[in-house]
Amino acid sequence: MKENKTIEVNSIIQSPTIPSAFEVSDEEKIDKIAKHFKTIMETLGLDLSDDSLKETPKRVAKMYVSEIFSGLNPKNKPEVTLFKNNYGYNQMLVEKNISVYSMCEHHFVPIIGRAHVAYIANGKVIGLSKIHRMVKYFSQRPQVQERLTRQIMENLKQTLNIDDVAVVIDARHMCVECRGVEDVTSSTITSAISGQFQEDSTRSEFMRFIDM
């Protein structure tokens, strides 16, 4: 029953991709994106014979595929190092102020913020850098912050085979700051909590640790 629930949850929070998304090589994707982006730039009236602009389509394509959207490809999911909890640590572990750089899937402009991730150890503990890599992996794709928050939580739960996980993200959205309402003073906070973190005392302790 738990396995079915896990599959159901993961399918709900999966980033929307087409079935053939990874049948095309990265090199082919870069070539195709570069051609399309060149068309976009020319449509905007830019002169691509200019020395400053002529390589921009290729640079943008490489950036999309190899960097800021590399988290779309499952082959780039970081390997996770787990260690036996030999020291019997059974309290909260918090890794806070993890840098988040993502892209809003509605406007393709940056989301910039901090993630705070916590779990209560059971039989295994995870290498601290792997939490950072997990956040980075799910951030490097077109995102909405609500989904990103849940993806990090569910992946950590599945990796450690535990329920006691909490994730909070506090981020600024450039789609709010540089267009539309142009509000540069606001940020967006999302949370995903499960297990013991749903209890008031544990949730409050976590919030104190991250100064919220």
# chains A, B, ... in the order shown; residues from 1 in each chain; ligands from 1
call {"tool": "closest_atom_pairs", "arguments": {"of": "region 117-145 of chain A", "to": "region 76-100 of chain A", "cutoff": "7 Å", "atoms": "only C-alpha atoms", "output": "JSON lines"}}
result
{"residue": "A:Val117", "atom": "CA", "partner": "A:Glu95", "partner_atom": "CA", "distance": 5.3}
{"residue": "A:Ala118", "atom": "CA", "partner": "A:Val94", "partner_atom": "CA", "distance": 4.3}
{"residue": "A:Tyr119", "atom": "CA", "partner": "A:Leu93", "partner_atom": "CA", "distance": 5.5}
{"residue": "A:Ile120", "atom": "CA", "partner": "A:Met92", "partner_atom": "CA", "distance": 4.6}
{"residue": "A:Ala121", "atom": "CA", "partner": "A:Asn90", "partner_atom": "CA", "distance": 5.2}
{"residue": "A:Asn122", "atom": "CA", "partner": "A:Asn90", "partner_atom": "CA", "distance": 6.3}
{"residue": "A:Gly123", "atom": "CA", "partner": "A:Asn85", "partner_atom": "CA", "distance": 5.5}
{"residue": "A:Lys124", "atom": "CA", "partner": "A:Lys84", "partner_atom": "CA", "distance": 4.8}
{"residue": "A:Val125", "atom": "CA", "partner": "A:Phe83", "partner_atom": "CA", "distance": 5.3}
{"residue": "A:Ile126", "atom": "CA", "partner": "A:Leu82", "partner_atom": "CA", "distance": 4.6}
{"residue": "A:Gly127", "atom": "CA", "partner": "A:Thr81", "partner_atom": "CA", "distance": 5.8}
{"residue": "A:Lys130", "atom": "CA", "partner": "A:Val80", "partner_atom": "CA", "distance": 6.1}
{"residue": "A:His132", "atom": "CA", "partner": "A:Ile98", "partner_atom": "CA", "distance": 6.3}
{"residue": "A:Arg133", "atom": "CA", "partner": "A:Pro78", "partner_atom": "CA", "distance": 6.5}
{"residue": "A:Met134", "atom": "CA", "partner": "A:Pro78", "partner_atom": "CA", "distance": 6.8}
{"residue": "A:Lys136", "atom": "CA", "partner": "A:Val100", "partner_atom": "CA", "distance": 6.7}
{"residue": "A:Tyr137", "atom": "CA", "partner": "A:Lys77", "partner_atom": "CA", "distance": 6.3}
{"residue": "A:Ser139", "atom": "CA", "partner": "A:Val100", "partner_atom": "CA", "distance": 6.6}
call {"tool": "select_by_dssp", "arguments": {"residues": "region 2-207 of chain A", "states": "strand (DSSP E or B)", "output": "MDAnalysis selection string"}}
result
chainID A and resid 82:84 92:104 110:120 124:126 142:143 165:173 188:193
call {"tool": "write_last_selection", "arguments": {"atoms": "N, CA and C atoms", "output": "CSV table (one decimal), in the first residue's frame"}}
result
chain,number,residue,atom,x,y,z
A,82,LEU,N,24.8,7.3,1.6
A,82,LEU,CA,24.1,7.1,2.9
A,82,LEU,C,25.1,6.4,3.8
A,83,PHE,N,25.0,6.7,5.1
A,83,PHE,CA,25.9,6.1,6.1
A,83,PHE,C,25.0,5.5,7.2
A,84,LYS,N,25.5,4.4,7.8
A,84,LYS,CA,24.8,3.8,8.9
A,84,LYS,C,24.8,4.8,10.1
A,92,MET,N,16.6,16.0,15.3
A,92,MET,CA,16.4,16.8,14.1
A,92,MET,C,17.8,17.2,13.5
A,93,LEU,N,18.0,17.0,12.2
A,93,LEU,CA,19.1,17.6,11.5
A,93,LEU,C,18.6,18.6,10.5
A,94,VAL,N,19.2,19.8,10.6
A,94,VAL,CA,18.7,20.9,9.7
A,94,VAL,C,19.9,21.4,8.9
A,95,GLU,N,19.7,21.4,7.6
A,95,GLU,CA,20.6,22.1,6.7
A,95,GLU,C,19.9,23.3,6.1
A,96,LYS,N,20.4,24.5,6.5
A,96,LYS,CA,19.6,25.7,6.2
A,96,LYS,C,20.4,26.6,5.2
A,97,ASN,N,19.7,27.5,4.6
A,97,ASN,CA,20.3,28.5,3.7
A,97,ASN,C,21.0,27.9,2.5
A,98,ILE,N,20.4,26.8,2.0
A,98,ILE,CA,20.9,26.2,0.7
A,98,ILE,C,20.5,27.1,-0.4
A,99,SER,N,21.4,27.5,-1.3
A,99,SER,CA,21.1,28.4,-2.4
A,99,SER,C,20.2,27.7,-3.4
A,100,VAL,N,19.2,28.4,-3.8
A,100,VAL,CA,18.2,28.0,-4.8
A,100,VAL,C,18.3,28.9,-6.0
A,101,TYR,N,18.6,28.3,-7.2
A,101,TYR,CA,18.6,29.1,-8.5
A,101,TYR,C,17.7,28.2,-9.4
A,102,SER,N,16.5,28.7,-9.7
A,102,SER,CA,15.7,28.0,-10.6
A,102,SER,C,15.1,28.9,-11.7
A,103,MET,N,14.2,28.4,-12.5
A,103,MET,CA,13.5,29.2,-13.5
A,103,MET,C,12.0,29.0,-13.5
A,104,CYS,N,11.3,30.1,-13.4
A,104,CYS,CA,9.9,30.1,-13.5
A,104,CYS,C,9.4,29.5,-14.8
A,110,PRO,N,14.4,34.0,-13.7
A,110,PRO,CA,14.9,33.3,-12.5
A,110,PRO,C,14.0,33.3,-11.3
A,111,ILE,N,14.2,32.3,-10.5
A,111,ILE,CA,13.7,32.2,-9.1
A,111,ILE,C,15.0,32.1,-8.3
A,112,ILE,N,15.1,33.0,-7.3
A,112,ILE,CA,16.4,33.0,-6.5
A,112,ILE,C,16.0,33.0,-5.0
A,113,GLY,N,16.6,32.1,-4.3
A,113,GLY,CA,16.2,32.1,-2.9
A,113,GLY,C,17.1,31.1,-2.0
A,114,ARG,N,16.5,30.6,-0.9
A,114,ARG,CA,17.1,29.7,0.0
A,114,ARG,C,16.2,28.6,0.4
A,115,ALA,N,16.8,27.4,0.5
A,115,ALA,CA,16.0,26.3,0.9
A,115,ALA,C,16.5,25.8,2.3
A,116,HIS,N,15.6,25.4,3.2
A,116,HIS,CA,15.9,24.9,4.5
A,116,HIS,C,15.4,23.5,4.5
A,117,VAL,N,16.2,22.5,4.8
A,117,VAL,CA,15.8,21.1,4.7
A,117,VAL,C,16.2,20.4,6.1
A,118,ALA,N,15.2,19.7,6.6
A,118,ALA,CA,15.4,19.0,7.8
A,118,ALA,C,14.9,17.6,7.8
A,119,TYR,N,15.5,16.7,8.6
A,119,TYR,CA,14.9,15.3,8.7
A,119,TYR,C,15.3,14.8,10.1
A,120,ILE,N,14.6,13.8,10.5
A,120,ILE,CA,14.9,13.1,11.8
A,120,ILE,C,15.4,11.7,11.4
A,124,LYS,N,19.6,5.4,8.7
A,124,LYS,CA,20.6,5.9,7.8
A,124,LYS,C,20.7,7.4,8.0
A,125,VAL,N,21.9,8.0,7.7
A,125,VAL,CA,22.0,9.4,7.5
A,125,VAL,C,22.6,9.7,6.1
A,126,ILE,N,22.4,10.9,5.7
A,126,ILE,CA,22.8,11.2,4.3
A,126,ILE,C,24.0,12.2,4.4
A,142,PRO,N,12.6,24.1,-15.5
A,142,PRO,CA,11.5,25.1,-15.3
A,142,PRO,C,10.6,24.6,-14.1
A,143,GLN,N,10.3,25.5,-13.2
A,143,GLN,CA,9.7,25.1,-12.0
A,143,GLN,C,8.5,26.1,-11.6
A,165,VAL,N,10.4,14.5,7.4
A,165,VAL,CA,11.1,15.4,6.6
A,165,VAL,C,10.4,16.8,6.5
A,166,ALA,N,11.1,17.8,6.5
A,166,ALA,CA,10.5,19.2,6.3
A,166,ALA,C,11.4,20.0,5.4
A,167,VAL,N,10.7,20.7,4.5
A,167,VAL,CA,11.4,21.6,3.5
A,167,VAL,C,10.7,23.0,3.5
A,168,VAL,N,11.4,24.0,3.6
A,168,VAL,CA,10.9,25.4,3.5
A,168,VAL,C,11.8,26.1,2.4
A,169,ILE,N,11.1,26.8,1.5
A,169,ILE,CA,11.9,27.6,0.5
A,169,ILE,C,11.3,29.0,0.6
A,170,ASP,N,12.3,30.0,0.7
A,170,ASP,CA,12.0,31.4,0.7
A,170,ASP,C,12.7,32.0,-0.6
A,171,ALA,N,11.9,32.5,-1.5
A,171,ALA,CA,12.5,32.8,-2.8
A,171,ALA,C,11.9,34.1,-3.4
A,172,ARG,N,12.7,34.8,-4.2
A,172,ARG,CA,12.2,35.9,-5.0
A,172,ARG,C,12.0,35.5,-6.4
A,173,HIS,N,11.0,36.0,-7.0
A,173,HIS,CA,10.6,35.6,-8.4
A,173,HIS,C,10.7,36.8,-9.3
A,188,THR,N,8.4,34.8,-1.7
A,188,THR,CA,7.4,33.7,-1.6
A,188,THR,C,8.0,32.6,-0.8
A,189,ILE,N,7.2,32.2,0.2
A,189,ILE,CA,7.6,31.1,1.1
A,189,ILE,C,6.7,29.9,0.9
A,190,THR,N,7.2,28.7,0.7
A,190,THR,CA,6.5,27.5,0.6
A,190,THR,C,7.1,26.5,1.6
A,191,SER,N,6.2,25.6,2.0
A,191,SER,CA,6.7,24.5,2.9
A,191,SER,C,6.1,23.2,2.6
A,192,ALA,N,6.8,22.1,2.9
A,192,ALA,CA,6.3,20.8,2.7
A,192,ALA,C,6.8,20.0,3.9
A,193,ILE,N,5.9,19.5,4.7
A,193,ILE,CA,6.3,18.8,6.0
A,193,ILE,C,5.5,17.5,6.1
call {"tool": "closest_residue", "arguments": {"among": "A:Phe138, A:Val60, A:Ser52, A:Ile13", "to": "Lys32 (chain A)", "atoms": "only C-alpha atoms"}}
result
A:Val60
call {"tool": "atom_distance", "arguments": {"atom1": "CA of Asn155 (chain A)", "atom2": "CA of Glu105 (chain A)"}}
result
20.8 Å
call {"tool": "atom_distance", "arguments": {"atom1": "CA of Ser187 (chain A)", "atom2": "CA of Ser129 (chain A)"}}
result
25.8 Å
call {"tool": "atom_distance", "arguments": {"atom1": "CA of Phe206 (chain A)", "atom2": "CA of Val144 (chain A)"}}
result
23.6 Å
call {"tool": "select_by_dssp", "arguments": {"residues": "region 7-193 of chain A", "states": "helix (DSSP H, G or I)", "output": "number ranges by chain"}}
result
A: 7-13, 26-43, 56-68, 70-72, 74-76, 128-139, 145-160, 174-177
call {"tool": "decode", "arguments": {"residues": "region 11-46 of chain A", "atoms": "N, CA and C atoms", "output": "mmCIF file, in the first residue's frame"}}
result
data_model
loop_
_atom_site.group_PDB
_atom_site.id
_atom_site.type_symbol
_atom_site.label_atom_id
_atom_site.label_comp_id
_atom_site.auth_asym_id
_atom_site.auth_seq_id
_atom_site.Cartn_x
_atom_site.Cartn_y
_atom_site.Cartn_z
ATOM 1 N N SER A 11 4.112 10.674 -9.166
ATOM 2 C CA SER A 11 3.544 11.006 -10.466
ATOM 3 C C SER A 11 2.866 12.374 -10.434
ATOM 4 N N ILE A 12 2.311 12.747 -9.285
ATOM 5 C CA ILE A 12 1.650 14.038 -9.156
ATOM 6 C C ILE A 12 2.655 15.181 -9.213
ATOM 7 N N ILE A 13 3.821 15.002 -8.579
ATOM 8 C CA ILE A 13 4.784 16.100 -8.486
ATOM 9 C C ILE A 13 5.873 16.017 -9.551
ATOM 10 N N GLN A 14 5.750 15.100 -10.483
ATOM 11 C CA GLN A 14 6.747 14.978 -11.546
ATOM 12 C C GLN A 14 6.694 16.199 -12.459
ATOM 13 N N SER A 15 7.844 16.740 -12.816
ATOM 14 C CA SER A 15 7.876 17.848 -13.765
ATOM 15 C C SER A 15 7.303 17.384 -15.105
ATOM 16 N N PRO A 16 6.460 18.199 -15.731
ATOM 17 C CA PRO A 16 5.792 17.762 -16.968
ATOM 18 C C PRO A 16 6.761 17.685 -18.147
ATOM 19 N N THR A 17 7.026 16.478 -18.600
ATOM 20 C CA THR A 17 7.862 16.263 -19.783
ATOM 21 C C THR A 17 7.156 15.288 -20.710
ATOM 22 N N ILE A 18 7.510 15.346 -22.000
ATOM 23 C CA ILE A 18 6.909 14.427 -22.965
ATOM 24 C C ILE A 18 7.651 13.092 -22.915
ATOM 25 N N PRO A 19 6.997 11.984 -23.323
ATOM 26 C CA PRO A 19 7.622 10.658 -23.239
ATOM 27 C C PRO A 19 8.957 10.550 -23.974
ATOM 28 N N SER A 20 9.108 11.282 -25.061
ATOM 29 C CA SER A 20 10.335 11.178 -25.866
ATOM 30 C C SER A 20 11.390 12.218 -25.479
ATOM 31 N N ALA A 21 11.242 12.803 -24.308
ATOM 32 C CA ALA A 21 12.093 13.937 -23.918
ATOM 33 C C ALA A 21 13.577 13.623 -23.955
ATOM 34 N N PHE A 22 13.955 12.379 -23.666
ATOM 35 C CA PHE A 22 15.370 12.067 -23.520
ATOM 36 C C PHE A 22 15.859 11.089 -24.585
ATOM 37 N N GLU A 23 15.102 10.984 -25.670
ATOM 38 C CA GLU A 23 15.540 10.179 -26.800
ATOM 39 C C GLU A 23 16.481 10.969 -27.706
ATOM 40 N N VAL A 24 16.465 12.289 -27.557
ATOM 41 C CA VAL A 24 17.323 13.167 -28.344
ATOM 42 C C VAL A 24 18.563 13.492 -27.528
ATOM 43 N N SER A 25 19.734 13.444 -28.154
ATOM 44 C CA SER A 25 20.981 13.718 -27.442
ATOM 45 C C SER A 25 21.077 15.192 -27.070
ATOM 46 N N ASP A 26 21.933 15.472 -26.092
ATOM 47 C CA ASP A 26 22.129 16.860 -25.682
ATOM 48 C C ASP A 26 22.656 17.703 -26.837
ATOM 49 N N GLU A 27 23.512 17.141 -27.629
ATOM 50 C CA GLU A 27 24.081 17.879 -28.766
ATOM 51 C C GLU A 27 22.994 18.269 -29.765
ATOM 52 N N GLU A 28 22.083 17.326 -30.040
ATOM 53 C CA GLU A 28 20.975 17.625 -30.953
ATOM 54 C C GLU A 28 20.067 18.706 -30.380
ATOM 55 N N LYS A 29 19.821 18.624 -29.075
ATOM 56 C CA LYS A 29 18.978 19.639 -28.436
ATOM 57 C C LYS A 29 19.622 21.019 -28.529
ATOM 58 N N ILE A 30 20.933 21.080 -28.305
ATOM 59 C CA ILE A 30 21.639 22.365 -28.366
ATOM 60 C C ILE A 30 21.546 22.960 -29.766
ATOM 61 N N ASP A 31 21.740 22.150 -30.789
ATOM 62 C CA ASP A 31 21.654 22.640 -32.169
ATOM 63 C C ASP A 31 20.257 23.165 -32.487
ATOM 64 N N LYS A 32 19.249 22.412 -32.068
ATOM 65 C CA LYS A 32 17.870 22.801 -32.373
ATOM 66 C C LYS A 32 17.471 24.072 -31.628
ATOM 67 N N ILE A 33 17.820 24.149 -30.338
ATOM 68 C CA ILE A 33 17.481 25.342 -29.550
ATOM 69 C C ILE A 33 18.198 26.565 -30.100
ATOM 70 N N ALA A 34 19.468 26.402 -30.492
ATOM 71 C CA ALA A 34 20.234 27.533 -31.033
ATOM 72 C C ALA A 34 19.555 28.108 -32.281
ATOM 73 N N LYS A 35 19.069 27.238 -33.147
ATOM 74 C CA LYS A 35 18.391 27.700 -34.365
ATOM 75 C C LYS A 35 17.123 28.470 -34.024
ATOM 76 N N HIS A 36 16.344 27.933 -33.091
ATOM 77 C CA HIS A 36 15.100 28.604 -32.708
ATOM 78 C C HIS A 36 15.378 29.925 -31.994
ATOM 79 N N PHE A 37 16.413 29.950 -31.157
ATOM 80 C CA PHE A 37 16.696 31.187 -30.426
ATOM 81 C C PHE A 37 17.239 32.262 -31.372
ATOM 82 N N LYS A 38 17.962 31.825 -32.394
ATOM 83 C CA LYS A 38 18.415 32.770 -33.409
ATOM 84 C C LYS A 38 17.216 33.436 -34.079
ATOM 85 N N THR A 39 16.195 32.639 -34.371
ATOM 86 C CA THR A 39 14.971 33.180 -34.976
ATOM 87 C C THR A 39 14.302 34.184 -34.048
ATOM 88 N N ILE A 40 14.266 33.869 -32.762
ATOM 89 C CA ILE A 40 13.669 34.782 -31.782
ATOM 90 C C ILE A 40 14.420 36.115 -31.781
ATOM 91 N N MET A 41 15.751 36.039 -31.741
ATOM 92 C CA MET A 41 16.550 37.263 -31.709
ATOM 93 C C MET A 41 16.356 38.087 -32.977
ATOM 94 N N GLU A 42 16.323 37.422 -34.118
ATOM 95 C CA GLU A 42 16.120 38.132 -35.378
ATOM 96 C C GLU A 42 14.727 38.746 -35.437
ATOM 97 N N THR A 43 13.742 38.043 -34.903
ATOM 98 C CA THR A 43 12.380 38.571 -34.870
ATOM 99 C C THR A 43 12.301 39.828 -34.010
ATOM 100 N N LEU A 44 13.114 39.870 -32.952
ATOM 101 C CA LEU A 44 13.166 41.058 -32.097
ATOM 102 C C LEU A 44 13.898 42.220 -32.765
ATOM 103 N N GLY A 45 14.541 41.939 -33.907
ATOM 104 C CA GLY A 45 15.217 42.992 -34.649
ATOM 105 C C GLY A 45 16.699 43.110 -34.353
ATOM 106 N N LEU A 46 17.272 42.109 -33.713
ATOM 107 C CA LEU A 46 18.695 42.150 -33.380
ATOM 108 C C LEU A 46 19.547 41.730 -34.572
#
